[in-house]
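Working notes for the structure below.
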Amino acid sequence: MMHQAGPEAAHKLLDFVNASPTPFHAVRAASARLEKAGFQKVKEQDEWEKDLKPGGKYYFTRFVPPPSAHVVCTLLKPNQSALLAFTIPQGWQPGAGVSIVATHVDSPYLRVRPVSKKSKSGYLQVGVETYGGGIWHSWFDRDLSLAGRVVIADKSGNFQSKLIKIERPLLRVPTLAIHLDRLSGDNFKFNTETEFVPILGLVESQLNSKQGENKDKPKATSIQENHHPALLSLLANELSVAPEYIHDFELHLYDVQPSVLGGLNEEFVFSPRLDNQFSSFAAVEAISTFASSASFNVLEGNVNCIALFNHEEIGSVSTSGAESSLIPSLLQRLSPAPAAHGRSVARSFLVSADMGHAVHPNFRDKHEENHAPMVNGGVVIKTNAKQRYASDAIGSFVVKKLIEKKGGPVQEYEVRNDMACGSTVGPMLSKLGVRTVDVGCAMLSMHSIRETAGSHDVQYAIDLFTSFFEGFSELDKTLTVE
């Protein structure tokens, strides 16, 4: 294979994103990297806190059942939808702080509806629901496929949830030819319910289907009547089961075009889902590298932690979102006594890592003139007086000192007064009483099906998080706040 140009960390990011068309796949990829670094998987329902050891490395994932298989899924093992990993320092005692990097692994996408079977004008179509605030026009005329998780039965009557990723183009949302809508070239508008339905194939492909031969009333857990037989057969073939063994699924549409480096000097990352798999990858890579280093076995101070949440794009209110019990539960289980828990919260610090908006050369006036981050300009500290970001002067100083230790650049972002400001998991997690700062790396085309970030910024993000894990506790000792 020819040598690939561009930063090594950026190529690792490409591999991560290409393996992660859904949050479930992203958590699986993160789990694999953590296990390679020696992390031990624990289960939330077990009393793992009794077995913690200095120098220990642990992680767990949280299970969220597919939308309509709640009874079935009580029989399943925990699946991937959110992840929390942490390391125990030498000399650890309850009451120690926790140094947390919090990110999210979800992005805007289209999800197959529970009853997806549609047909019109000779085409087989698949009903979809929009998730998050996507730039939906960017999804037209793309080569789309399916990925997610499927609940299947085996011949012994047991059930399991399996991840699936179909790696060939299956679906497309075609635009209407400009000859049939002369205004679309200047003013492209569409109805996301009626004019945004993907095509799967032609009706004639199902003329020989055996669907409907059995007129018996279907069981409640049967989905055979809800979806095109050809779609169920495709899934069954991928999973090596009969279609009737499929009892439910949660499938996302994704663009099969892989993530790549681009630009004259490979300075760009062209990719889907950079918001926020970019930050999630950097967090996983940083804690994995740190936990494999020689310094890990001698450093004392805070527990180091990463939290990869789901559902940030729709408000984080879920069992796997940032508003869930994931971080409060960790803090409580590490320091269960009230006094120890209070000390732990006061000693903790959280870096909320989410992508930021790079200045756009064609829309320069969308940024405040002195707060216009550049791609490959280093980590961006995000500030907002209305607390849409949780950063304050103390948190910003801490981040700058940590970046300084690695020799990296830093940028500032604050929104214009005449524009609304987005938000992150930072403000909602700061309600726990943990000191919080919001950071990210600059990117273009956020929430498009294809986004653009900087290939050198990947290492800058990893360096900040590594510096945080290595040095926050010592830095915090030198900081007095009146």
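In the structure tokens, each chain is lettered A, B, ... as it comes, each chain's residues begin at 1, and ligands are numbered from 1 in order of appearance.
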
Would you mind listing what lies within 9 Å of segment 80-84 of chain A as a list in words, with only C-alpha atoms counted and same-chain residues fewer than 3 positions away left out?
-> Pro23, Phe24, His25, Ala26, Val27, Arg28, Ala30, Ser31, Tyr58, Tyr59, Phe60, Thr61, Arg62, Phe63, Val64, His104, Val105, Cys305, Ile306, Ala307, Leu308, Phe309, Asn310, Thr319, Ser320, Gly321, Leu326, Ile327 and Leu330 of chain A

Write a file of the just-selected residues containing N, CA, C and O atoms, as an mmCIF file, in the first residue's frame.
```
data_model
loop_
_atom_site.group_PDB
_atom_site.id
_atom_site.type_symbol
_atom_site.label_atom_id
_atom_site.label_comp_id
_atom_site.auth_asym_id
_atom_site.auth_seq_id
_atom_site.Cartn_x
_atom_site.Cartn_y
_atom_site.Cartn_z
ATOM 1 N N PRO A 23 -24.179 5.990 16.415
ATOM 2 C CA PRO A 23 -23.602 6.049 17.769
ATOM 3 C C PRO A 23 -23.260 4.676 18.326
ATOM 4 O O PRO A 23 -22.271 4.533 19.059
ATOM 5 N N PHE A 24 -24.038 3.652 17.990
ATOM 6 C CA PHE A 24 -23.758 2.307 18.481
ATOM 7 C C PHE A 24 -22.406 1.813 17.967
ATOM 8 O O PHE A 24 -21.625 1.219 18.710
ATOM 9 N N HIS A 25 -22.145 2.052 16.693
ATOM 10 C CA HIS A 25 -20.861 1.645 16.123
ATOM 11 C C HIS A 25 -19.716 2.481 16.690
ATOM 12 O O HIS A 25 -18.603 1.971 16.888
ATOM 13 N N ALA A 26 -19.966 3.759 16.958
ATOM 14 C CA ALA A 26 -18.921 4.617 17.526
ATOM 15 C C ALA A 26 -18.518 4.122 18.906
ATOM 16 O O ALA A 26 -17.325 4.079 19.247
ATOM 17 N N VAL A 27 -19.495 3.726 19.714
ATOM 18 C CA VAL A 27 -19.182 3.217 21.041
ATOM 19 C C VAL A 27 -18.468 1.872 20.943
ATOM 20 O O VAL A 27 -17.561 1.574 21.735
ATOM 21 N N ARG A 28 -18.848 1.051 19.962
ATOM 22 C CA ARG A 28 -18.125 -0.209 19.777
ATOM 23 C C ARG A 28 -16.668 0.051 19.388
ATOM 24 O O ARG A 28 -15.749 -0.599 19.915
ATOM 25 N N ALA A 30 -14.929 2.728 20.087
ATOM 26 C CA ALA A 30 -14.254 3.269 21.263
ATOM 27 C C ALA A 30 -13.923 2.159 22.251
ATOM 28 O O ALA A 30 -12.829 2.144 22.839
ATOM 29 N N SER A 31 -14.848 1.229 22.434
ATOM 30 C CA SER A 31 -14.618 0.118 23.353
ATOM 31 C C SER A 31 -13.420 -0.718 22.916
ATOM 32 O O SER A 31 -12.596 -1.138 23.750
ATOM 33 N N TYR A 58 -11.041 1.122 33.674
ATOM 34 C CA TYR A 58 -12.367 0.537 33.578
ATOM 35 C C TYR A 58 -13.246 1.310 32.600
ATOM 36 O O TYR A 58 -13.039 2.500 32.374
ATOM 37 N N TYR A 59 -14.240 0.615 32.050
ATOM 38 C CA TYR A 59 -15.248 1.294 31.237
ATOM 39 C C TYR A 59 -16.541 0.495 31.265
ATOM 40 O O TYR A 59 -16.559 -0.698 31.567
ATOM 41 N N PHE A 60 -17.637 1.197 30.967
ATOM 42 C CA PHE A 60 -18.906 0.510 30.785
ATOM 43 C C PHE A 60 -19.733 1.251 29.754
ATOM 44 O O PHE A 60 -19.508 2.435 29.484
ATOM 45 N N THR A 61 -20.657 0.537 29.151
ATOM 46 C CA THR A 61 -21.594 1.137 28.205
ATOM 47 C C THR A 61 -22.987 1.017 28.785
ATOM 48 O O THR A 61 -23.268 0.130 29.598
ATOM 49 N N ARG A 62 -23.848 1.922 28.366
ATOM 50 C CA ARG A 62 -25.218 1.901 28.877
ATOM 51 C C ARG A 62 -26.150 1.394 27.795
ATOM 52 O O ARG A 62 -26.061 1.792 26.637
ATOM 53 N N PHE A 63 -27.079 0.557 28.199
ATOM 54 C CA PHE A 63 -28.022 -0.063 27.268
ATOM 55 C C PHE A 63 -29.275 0.787 27.116
ATOM 56 O O PHE A 63 -29.855 1.228 28.106
ATOM 57 N N VAL A 64 -29.679 1.030 25.870
ATOM 58 C CA VAL A 64 -30.970 1.648 25.570
ATOM 59 C C VAL A 64 -31.689 0.738 24.591
ATOM 60 O O VAL A 64 -31.161 0.436 23.519
ATOM 61 N N HIS A 104 -20.143 13.947 22.665
ATOM 62 C CA HIS A 104 -21.308 13.177 22.216
ATOM 63 C C HIS A 104 -20.981 12.489 20.907
ATOM 64 O O HIS A 104 -20.157 12.968 20.124
ATOM 65 N N VAL A 105 -21.648 11.358 20.663
ATOM 66 C CA VAL A 105 -21.362 10.549 19.476
ATOM 67 C C VAL A 105 -22.487 10.564 18.462
ATOM 68 O O VAL A 105 -22.395 9.885 17.427
ATOM 69 N N CYS A 305 -11.383 10.568 33.362
ATOM 70 C CA CYS A 305 -12.627 9.992 32.848
ATOM 71 C C CYS A 305 -12.969 10.598 31.499
ATOM 72 O O CYS A 305 -12.704 11.784 31.247
ATOM 73 N N ILE A 306 -13.549 9.786 30.631
ATOM 74 C CA ILE A 306 -14.193 10.298 29.419
ATOM 75 C C ILE A 306 -15.635 9.814 29.413
ATOM 76 O O ILE A 306 -15.939 8.717 29.889
ATOM 77 N N ALA A 307 -16.530 10.644 28.904
ATOM 78 C CA ALA A 307 -17.948 10.303 28.795
ATOM 79 C C ALA A 307 -18.402 10.596 27.381
ATOM 80 O O ALA A 307 -18.321 11.744 26.927
ATOM 81 N N LEU A 308 -18.832 9.573 26.664
ATOM 82 C CA LEU A 308 -19.361 9.722 25.306
ATOM 83 C C LEU A 308 -20.870 9.562 25.381
ATOM 84 O O LEU A 308 -21.374 8.458 25.602
ATOM 85 N N PHE A 309 -21.589 10.659 25.201
ATOM 86 C CA PHE A 309 -23.036 10.655 25.356
ATOM 87 C C PHE A 309 -23.741 10.508 24.014
ATOM 88 O O PHE A 309 -23.185 10.808 22.959
ATOM 89 N N ASN A 310 -24.983 10.084 24.084
ATOM 90 C CA ASN A 310 -25.885 10.039 22.936
ATOM 91 C C ASN A 310 -26.893 11.183 23.068
ATOM 92 O O ASN A 310 -27.003 11.833 24.099
ATOM 93 N N THR A 319 -31.808 8.285 28.721
ATOM 94 C CA THR A 319 -30.997 7.479 29.632
ATOM 95 C C THR A 319 -29.530 7.448 29.236
ATOM 96 O O THR A 319 -28.672 7.080 30.046
ATOM 97 N N SER A 320 -29.229 7.807 27.993
ATOM 98 C CA SER A 320 -27.840 7.797 27.529
ATOM 99 C C SER A 320 -27.338 9.195 27.177
ATOM 100 O O SER A 320 -26.249 9.337 26.640
ATOM 101 N N GLY A 321 -28.128 10.226 27.469
ATOM 102 C CA GLY A 321 -27.731 11.595 27.190
ATOM 103 C C GLY A 321 -27.028 12.230 28.376
ATOM 104 O O GLY A 321 -26.940 11.657 29.465
ATOM 105 N N LEU A 326 -25.523 9.183 34.245
ATOM 106 C CA LEU A 326 -24.214 8.569 34.026
ATOM 107 C C LEU A 326 -23.118 9.189 34.888
ATOM 108 O O LEU A 326 -22.456 8.495 35.668
ATOM 109 N N ILE A 327 -22.898 10.484 34.766
ATOM 110 C CA ILE A 327 -21.832 11.117 35.541
ATOM 111 C C ILE A 327 -22.206 11.258 37.014
ATOM 112 O O ILE A 327 -21.378 10.964 37.896
ATOM 113 N N LEU A 330 -21.503 7.946 38.590
ATOM 114 C CA LEU A 330 -20.074 7.674 38.756
ATOM 115 C C LEU A 330 -19.528 8.405 39.980
ATOM 116 O O LEU A 330 -18.823 7.809 40.817
#
```

Fewer than 3 positions away in the same chain doesn't count, so skip those; otherwise give me all residues within 9 Å of Ser344 of chain A, counting only C-alpha atoms, as a short mmCIF file (atom, residue, chain, number, x, y, z; two decimals) with N, CA and C atoms, in the first residue's frame.
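What ended up in result08.cif:
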```cif
data_model
loop_
_atom_site.label_atom_id
_atom_site.label_comp_id
_atom_site.auth_asym_id
_atom_site.auth_seq_id
_atom_site.Cartn_x
_atom_site.Cartn_y
_atom_site.Cartn_z
N PRO A 94 -11.75 7.63 48.25
CA PRO A 94 -13.00 8.36 48.03
C PRO A 94 -12.87 9.81 48.46
N GLY A 95 -13.48 10.70 47.68
CA GLY A 95 -13.32 12.13 47.91
C GLY A 95 -12.39 12.78 46.91
N ALA A 96 -11.64 11.96 46.17
CA ALA A 96 -10.78 12.51 45.11
C ALA A 96 -11.64 13.08 44.00
N GLY A 97 -11.12 14.07 43.30
CA GLY A 97 -11.84 14.66 42.19
C GLY A 97 -11.83 13.75 40.96
N VAL A 98 -12.62 14.15 39.98
CA VAL A 98 -12.68 13.42 38.71
C VAL A 98 -12.47 14.43 37.58
N ASN A 302 -6.47 13.16 40.60
CA ASN A 302 -7.85 12.88 40.20
C ASN A 302 -8.00 11.57 39.44
N LEU A 331 -19.83 9.69 40.10
CA LEU A 331 -19.34 10.47 41.24
C LEU A 331 -19.84 9.87 42.56
N LEU A 334 -18.07 6.41 43.30
CA LEU A 334 -16.67 6.57 43.69
C LEU A 334 -16.54 7.16 45.09
N SER A 335 -17.47 8.03 45.47
CA SER A 335 -17.43 8.70 46.77
C SER A 335 -18.82 8.68 47.38
N ALA A 339 -19.99 13.59 52.71
CA ALA A 339 -18.85 14.51 52.81
C ALA A 339 -17.83 14.23 51.71
N ALA A 340 -17.54 12.96 51.48
CA ALA A 340 -16.59 12.60 50.42
C ALA A 340 -17.11 13.01 49.06
N HIS A 341 -18.41 12.82 48.85
CA HIS A 341 -19.00 13.20 47.57
C HIS A 341 -18.88 14.71 47.36
N ARG A 347 -13.46 19.13 43.80
CA ARG A 347 -12.13 18.90 43.23
C ARG A 347 -12.18 18.50 41.76
N SER A 348 -13.37 18.30 41.24
CA SER A 348 -13.51 17.82 39.86
C SER A 348 -13.49 18.96 38.85
#
```

Neighbour list for Gly440 of chain A as a count of residues only, cut-off 10 Å, only C-alpha atoms, skip fewer than 3 positions in-chain = 22

Extract, using only C-alpha atoms, all DNA, RNA and protein residues at most 12 Å from Met419 of chain A, discarding same-chain residues fewer than 4 positions from it, and format them as number ranges by chain.
-> A: 365-368, 384, 414-415

Pick out the residues sitting within 10 Å of Tyr131 of chain A, and hand them over as an MDAnalysis selection string; count only C-alpha atoms, and ignore anything fewer than 2 positions along from it in its own chain.
-> chainID A and resid 106:111 128:129 133:134 252 311 313:314

Backbone DSSP call of strand (DSSP E) for segment 253-472 of chain A, listed as a PyMOL selection string = chain A and resi 253-255+260-262+268-271+303-309+349-353+356-357+379-382+410-413+435-440+442-444+451-454

How many Å lie between atom CA of Val173 of chain A and atom CA of Ser138 of chain A, rounded to one decimal?
->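 Atom-to-atom, atom CA of Val173 of chain A and atom CA of Ser138 of chain A are spaced 10.1 Å apart.
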
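Rounded to one decimal, atom CA of Arg388 of chain A and atom CA of Ser423 of chain A lie 5.0 Å from each other.
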
So, counting only C-alpha atoms, which residue among A:Leu261, A:Cys421, A:Ala282, A:Ile394 is closest to Cys441 of chain A?
->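 Smallest distance to Cys441 of chain A is found for A:Ala282.
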
Would you please give, as a PyMOL selection string, all residues of segment 78-281 of chain A that DSSP assigns to helix (DSSP H, G or I) based on the backbone?
-> chain A and resi 136-139+178-180+203-206+229-239+243-245+274-281

Tell me which protein, DNA and RNA residues are within 9 Å of Ser222 of chain A, counting only C-alpha atoms, leaving out same-chain ones fewer than 6 positions away, and put them as a PyMOL selection string.
-> chain A and resi 244-248

With only C-alpha atoms as the atoms that count, which of A:Leu251, A:Val203, A:Ala10, A:Ile135 lies nearest to Tyr460 of chain A?
->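 Closest to Tyr460 of chain A of all the choices is A:Ala10.
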